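Report on one structure; see the data block that follows.
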Amino acid sequence: MPRRPQRRVAPATVRRQRFAVAFDYPVYFTRGVFDPVNPVLVRAIDRLRERRRHRVLVYLDAGLVAATPGLARRVASYFQRHADRLELAAPPAVVPGGEQAKNGWSQVRAVMSAIGDRRLCRQSVVVAAGGGSVLDMVGFATALVHRGLRLVRLPSTVLAQNDAGVGVKNGMNERETKNYIGAFAPPFAVVNDFEFLRTLADRDWVGGVAEAFKVALIKDARFFEFLCRRAEALRARDFAAMARTVRRCAELHLEHIRTSGDPFEFGSARPLDFGHWAAHKLEVLSGYALGHGQAVAIGMALDSYAAWRRRLLSRGDLERFVAALQAAGLPVWSPLLERRDARGRLEVLNGLEDFREHLGGRLTIVLPHGIGARREVHAVDAAVVKEAMAFLRERGGGTL
Ligand SMILES: NC(=O)c1ccc[n+]([C@@H]2O[C@H](COP(=O)([O-])OP(=O)(O)OC[C@H]3O[C@@H](n4cnc5c(N)ncnc54)[C@H](O)[C@@H]3O)[C@@H](O)[C@H]2O)c1
Ligand SMILES: [Zn+2]
């Protein structure tokens with residue numbers, strides 16, 4: 001056989017493109033953000049000291065508005081009082097609260113249109129006051145228009161103040177998948193006003209405590225002890241205990257984002273997603289009737305059992321953790337755990353593949369390793385999940 005002449009490929013050339021962008025945003029803790037004499041919001045919006053009037057669109061969570069009579073009026077008065085620095089581009093707009101805010105595109109489109117209608121520029125400001133759902137939705141819309149306007153978040157639930165509102169992510173739900181669509185877009189500033197928390201329904205008051213247990217168990221043993229000790233006080237709406245819980249949890253989140261080396265989650269491991277693979281699936285299965293924090297509590301209880309079976313957690317610590325979640329008023333079991341799909345497979349286990357896809361790469365689950373530390377694992381044993389369900393049903397089945 002005659003040899004075919006070898007075909008030559010032109011040599012490729014490459015220029016390495018590499019640069020870093022520093023992100024920098026303040027997170028304020030205050031009380032009474034719309035009190036006319038409270039300077040924090042003006043400071044947050046004018047933090048670059050541009051010494052000009054900032055054009056601002058304000059979005060308010062409908063649940064927050066319903067619970068706080070006169071809120072829209074107070075916002076308008078605040079802007080009037082600070083008219084030398086701030087200008088409302090339109091009267092404050094009220095958007096639906098809760099998970100419905102981020103289900104599908106309709107709310108996102110409405111915010112994007114309003115930004116265009118009011119002719120906001122990339123240096124204008126969008127202020128969003130609300131729970132994690134509203135912040136995720138308004139934040140996402142704000143990140144898209146002109147490739148990103150300045151977003152100032154005013155988180156109004158425990159979970160939003162200690163987790164969702166202080167980080168770098170936003171998003172919405174599509175294809176029956178939580179946060180299927182979204183972007184990494186750090187805010188311009190965050191203002192946590194503890195006074196907002198007073199009007200929360202019990203469910204949303206304790207929901208965020210689950211995220212506090214999450215970071216404490218995998219990162220901060222002292223904080224974990226505090227939460228166990230004060231679990232009942234938290235459930236009974238002890239304000240001082242909650243303020244401390246929110247602040248410490250927010251600090252731990254900020255520290256993680258700042259120091260983990262992977263703020264935009266390019267790797268497959270996401271320590272702050274401890275307990276979340278099952279949680280996200282349970283939320284979807286419940287049609288979002290189950291709150292995010294409640295779902296996370298169940299997910300963490302499930303994974304802590306797996307940690308015990310892998311000898312990463314002692315039996316005593318497992319029992320203590322489950323009891324503390326319950327003392328705080330959080331569930332550790334749901335009948336949804338036992339729901340099966342058409343092939344007879346536990347639905348919750350189908351959440352594993354969604355979770356892996358969302359993170360990318362190899363399946364990576366974070367488990368507690370003792371109190372205050374963690375370990376990554378790459379498989380979930382279905383038999384252990386079933387065992388965990390039986391264990392948790394016995395502990396928590398009656399509480400729902
Ligand atoms: N972007 C992130 O990094 C991140 C992190 C964690 C969670 N999240 C998302 O956050 C969402 C959950 O947020 P959430 O727990 O804040 O719940 P939520 O936003 O769904 O709000 C819960 C309810 O509280 C109402 N509400 C808000 N503030 C109130 C107040 N001060 N007084 C009375 N009612 C008030 C809302 O209208 C709603 O009905 C989920 O969609 C979750 O995926 C995002
Ligand atoms: Zn969460």
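By order of appearance in the structure tokens: chains A, B, ..., then residues from 1 within every chain, and ligands from 1 in the order shown.
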Within 6 Å of ligand 1, which residues of chain A show up? Give each one with its shortest atom-to-atom distance in Å (one decimal) and the two atoms involved, counting only C-alpha atoms and all ligand atoms, rows by chain then rising residue number, as a tab-separated table.
```
residue	atom	partner	partner_atom_place_in_ligand_line	distance
A:Asp61	CA	ligand 1	37 (O)	5.5
A:Ala62	CA	ligand 1	37 (O)	5.4
A:Gly63	CA	ligand 1	37 (O)	3.1
A:Leu64	CA	ligand 1	29 (C)	4.0
A:Ala67	CA	ligand 1	33 (C)	5.2
A:Gly97	CA	ligand 1	37 (O)	3.5
A:Gly98	CA	ligand 1	20 (O)	3.2
A:Glu99	CA	ligand 1	20 (O)	4.7
A:Gly130	CA	ligand 1	28 (N)	4.9
A:Gly131	CA	ligand 1	19 (O)	3.2
A:Gly132	CA	ligand 1	13 (O)	3.3
A:Ser133	CA	ligand 1	19 (O)	3.7
A:Val134	CA	ligand 1	19 (O)	5.6
A:Asp136	CA	ligand 1	1 (N)	5.5
A:Ser156	CA	ligand 1	28 (N)	4.4
A:Thr157	CA	ligand 1	16 (O)	4.8
A:Leu159	CA	ligand 1	15 (O)	4.8
A:Ala160	CA	ligand 1	16 (O)	4.5
A:Asp163	CA	ligand 1	5 (C)	5.4
A:Ala164	CA	ligand 1	5 (C)	3.4
A:Gly167	CA	ligand 1	3 (O)	5.4
A:Lys169	CA	ligand 1	1 (N)	4.3
A:Asn170	CA	ligand 1	1 (N)	4.4
A:Phe196	CA	ligand 1	31 (N)	4.4
A:Leu197	CA	ligand 1	31 (N)	5.0
A:Thr199	CA	ligand 1	32 (N)	4.2
A:Leu200	CA	ligand 1	33 (C)	3.9
A:Asp204	CA	ligand 1	22 (C)	5.8
A:His292	CA	ligand 1	12 (C)	5.5
```
Looking only at strand (DSSP E) from DSSP on the backbone, list the matching residues of region 121-354 of chain A as a list in words.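 Here is the list: Val125, Val126, Val127, Ala128, Ala129, Gly130, Arg150, Leu151, Val152, Arg153, Leu154, Pro155, Met172, Asn173, Glu174, Thr177, Lys178, Asn179, Tyr180, Ile181, Ala189, Val190, Val191, Asn192 and Asp193 of chain A.
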All residues having an atom within 9 Å of ligand 2 (only C-alpha atoms and all ligand atoms) as a PyMOL selection string: chain A and resi 159+163-164+208+210-211+214+272-276+279-280+292-293+295-296
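Between CA of Leu392 (chain A) and CA of Arg311 (chain A) the separation is 18.1 Å.
Residues with any atom within 6 Å of Phe188 (chain A), counting only C-alpha atoms and excluding same-chain neighbours fewer than 5 positions away, are Tyr25, Arg150, Leu151 and Val152 of chain A.
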Run DSSP on the backbone and grab whatever in region 222-265 of chain A lands in alpha helix (DSSP H); send it over as a VMD selection string. chain A and resid 222 to 235 239 to 259
Go ahead and save the residues from that selection, with N, CA, C and O atoms, as a CSV table (one decimal), in the first residue's frame.
```
chain,number,residue,atom,x,y,z
A,222,ARG,N,-17.9,27.0,68.1
A,222,ARG,CA,-18.4,27.9,69.2
A,222,ARG,C,-19.8,28.4,68.8
A,222,ARG,O,-20.7,28.5,69.6
A,223,PHE,N,-19.9,28.8,67.6
A,223,PHE,CA,-21.2,29.3,67.1
A,223,PHE,C,-22.2,28.1,67.2
A,223,PHE,O,-23.4,28.3,67.5
A,224,PHE,N,-21.8,26.9,66.8
A,224,PHE,CA,-22.7,25.7,66.9
A,224,PHE,C,-23.2,25.6,68.3
A,224,PHE,O,-24.4,25.3,68.6
A,225,GLU,N,-22.3,25.7,69.3
A,225,GLU,CA,-22.7,25.5,70.7
A,225,GLU,C,-23.7,26.6,71.1
A,225,GLU,O,-24.7,26.3,71.8
A,226,PHE,N,-23.4,27.8,70.6
A,226,PHE,CA,-24.3,28.9,70.9
A,226,PHE,C,-25.7,28.6,70.4
A,226,PHE,O,-26.8,28.8,71.1
A,227,LEU,N,-25.8,28.1,69.1
A,227,LEU,CA,-27.1,27.8,68.5
A,227,LEU,C,-27.8,26.7,69.3
A,227,LEU,O,-29.0,26.8,69.4
A,228,CYS,N,-27.1,25.7,69.7
A,228,CYS,CA,-27.7,24.6,70.4
A,228,CYS,C,-28.3,25.1,71.7
A,228,CYS,O,-29.4,24.8,72.1
A,229,ARG,N,-27.5,26.0,72.4
A,229,ARG,CA,-27.9,26.5,73.7
A,229,ARG,C,-29.1,27.4,73.5
A,229,ARG,O,-30.0,27.5,74.4
A,230,ARG,N,-29.2,28.2,72.5
A,230,ARG,CA,-30.2,29.2,72.3
A,230,ARG,C,-31.3,28.8,71.4
A,230,ARG,O,-32.1,29.6,71.0
A,231,ALA,N,-31.3,27.5,71.0
A,231,ALA,CA,-32.3,27.1,70.0
A,231,ALA,C,-33.8,27.4,70.4
A,231,ALA,O,-34.5,27.9,69.6
A,232,GLU,N,-34.1,27.1,71.7
A,232,GLU,CA,-35.4,27.4,72.1
A,232,GLU,C,-35.7,28.8,72.2
A,232,GLU,O,-36.8,29.3,71.9
A,233,ALA,N,-34.7,29.6,72.6
A,233,ALA,CA,-34.9,31.1,72.7
A,233,ALA,C,-35.2,31.6,71.3
A,233,ALA,O,-36.0,32.5,71.1
A,234,LEU,N,-34.5,31.1,70.3
A,234,LEU,CA,-34.6,31.5,68.9
A,234,LEU,C,-36.0,31.2,68.5
A,234,LEU,O,-36.7,32.0,67.9
A,235,ARG,N,-36.5,30.0,68.8
A,235,ARG,CA,-37.9,29.6,68.4
A,235,ARG,C,-38.9,30.6,69.0
A,235,ARG,O,-39.9,30.9,68.4
A,239,PHE,N,-35.1,38.4,70.4
A,239,PHE,CA,-34.6,39.3,69.4
A,239,PHE,C,-33.0,39.4,69.5
A,239,PHE,O,-32.4,39.4,68.5
A,240,ALA,N,-32.5,39.4,70.7
A,240,ALA,CA,-31.0,39.6,70.9
A,240,ALA,C,-30.3,38.3,70.3
A,240,ALA,O,-29.3,38.4,69.7
A,241,ALA,N,-30.9,37.1,70.7
A,241,ALA,CA,-30.3,35.9,70.2
A,241,ALA,C,-30.3,35.9,68.6
A,241,ALA,O,-29.4,35.4,68.0
A,242,MET,N,-31.4,36.4,68.1
A,242,MET,CA,-31.5,36.3,66.6
A,242,MET,C,-30.5,37.3,66.0
A,242,MET,O,-29.9,37.0,65.0
A,243,ALA,N,-30.4,38.5,66.6
A,243,ALA,CA,-29.5,39.5,66.0
A,243,ALA,C,-28.1,38.9,66.0
A,243,ALA,O,-27.3,39.1,65.0
A,244,ARG,N,-27.7,38.2,67.1
A,244,ARG,CA,-26.4,37.7,67.1
A,244,ARG,C,-26.2,36.5,66.1
A,244,ARG,O,-25.2,36.4,65.4
A,245,THR,N,-27.3,35.7,66.0
A,245,THR,CA,-27.3,34.6,65.0
A,245,THR,C,-27.1,35.1,63.6
A,245,THR,O,-26.3,34.6,62.8
A,246,VAL,N,-27.9,36.2,63.2
A,246,VAL,CA,-27.8,36.7,61.9
A,246,VAL,C,-26.4,37.3,61.6
A,246,VAL,O,-25.8,37.0,60.6
A,247,ARG,N,-25.9,38.1,62.6
A,247,ARG,CA,-24.6,38.7,62.3
A,247,ARG,C,-23.5,37.7,62.1
A,247,ARG,O,-22.7,37.8,61.2
A,248,ARG,N,-23.4,36.7,63.0
A,248,ARG,CA,-22.3,35.7,63.0
A,248,ARG,C,-22.4,34.9,61.7
A,248,ARG,O,-21.4,34.6,61.0
A,249,CYS,N,-23.7,34.5,61.3
A,249,CYS,CA,-23.8,33.7,60.1
A,249,CYS,C,-23.5,34.5,58.9
A,249,CYS,O,-22.8,34.0,58.0
A,250,ALA,N,-23.9,35.8,58.9
A,250,ALA,CA,-23.5,36.6,57.7
A,250,ALA,C,-22.0,36.8,57.6
A,250,ALA,O,-21.4,36.7,56.5
A,251,GLU,N,-21.4,37.0,58.8
A,251,GLU,CA,-19.9,37.1,58.8
A,251,GLU,C,-19.2,35.9,58.2
A,251,GLU,O,-18.3,35.9,57.4
A,252,LEU,N,-19.7,34.7,58.6
A,252,LEU,CA,-19.1,33.4,58.2
A,252,LEU,C,-19.3,33.3,56.6
A,252,LEU,O,-18.4,32.8,55.9
A,253,HIS,N,-20.5,33.7,56.2
A,253,HIS,CA,-20.7,33.6,54.7
A,253,HIS,C,-19.7,34.6,54.0
A,253,HIS,O,-19.1,34.2,53.0
A,254,LEU,N,-19.6,35.8,54.5
A,254,LEU,CA,-18.7,36.8,53.8
A,254,LEU,C,-17.3,36.3,53.9
A,254,LEU,O,-16.6,36.4,52.9
A,255,GLU,N,-16.9,35.7,55.0
A,255,GLU,CA,-15.5,35.2,55.1
A,255,GLU,C,-15.3,34.1,54.1
A,255,GLU,O,-14.2,34.0,53.5
A,256,HIS,N,-16.3,33.2,54.0
A,256,HIS,CA,-16.1,32.1,53.1
A,256,HIS,C,-15.9,32.6,51.6
A,256,HIS,O,-15.0,32.2,50.9
A,257,ILE,N,-16.8,33.6,51.2
A,257,ILE,CA,-16.7,34.1,49.9
A,257,ILE,C,-15.3,34.8,49.6
A,257,ILE,O,-14.7,34.6,48.6
A,258,ARG,N,-14.9,35.5,50.7
A,258,ARG,CA,-13.7,36.3,50.6
A,258,ARG,C,-12.4,35.4,50.6
A,258,ARG,O,-11.4,35.7,49.9
A,259,THR,N,-12.4,34.3,51.3
A,259,THR,CA,-11.2,33.6,51.6
A,259,THR,C,-11.1,32.2,51.0
A,259,THR,O,-10.1,31.5,51.0
```
10 Å contact set for region 172-179 of chain A, only C-alpha atoms, chain neighbours under 3 positions out, as a VMD selection string: chain A and resid 99 to 105 107 to 108 133 to 134 136 to 141 169 182 to 183 280 to 281 283 to 285 287 to 288 351 354 to 355 358
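Of the residues listed (A:Arg356, A:Arg153, A:Arg198, A:Arg345), A:Arg153 shows the shortest atom-to-atom separation from Tyr59 (chain A); distances use only C-alpha atoms.
Pairwise distance (CA of Ala143 (chain A), CA of Phe34 (chain A)) equals 24.9 Å.
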For Ala44 (chain A), the nearest of the candidates A:Gln6, A:Ser314, A:Gln80, A:Asn192, counting only C-alpha atoms: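 Using only C-alpha atoms, the shortest distance to Ala44 (chain A) belongs to A:Asn192.
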Shell around region 381-387 of chain A at 8 Å using only C-alpha atoms, local window under 5 positions removed, as a PyMOL selection string: chain A and resi 302+306+309+349
Rounded to one decimal, what separation in Å do you get between CA of Asp117 (chain A) and CA of Leu144 (chain A)?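 These atoms are spaced 15.1 Å apart.
Closest approach to Ala236 (chain A) among A:Arg203, A:Arg73, A:Arg375, A:Lys219 is made by A:Arg203 (distances from only C-alpha atoms).
Nearest to Val111 (chain A) of all the residues A:Val58, A:Val166, A:Ala10, A:Leu86 is A:Val58, based on only C-alpha atoms.
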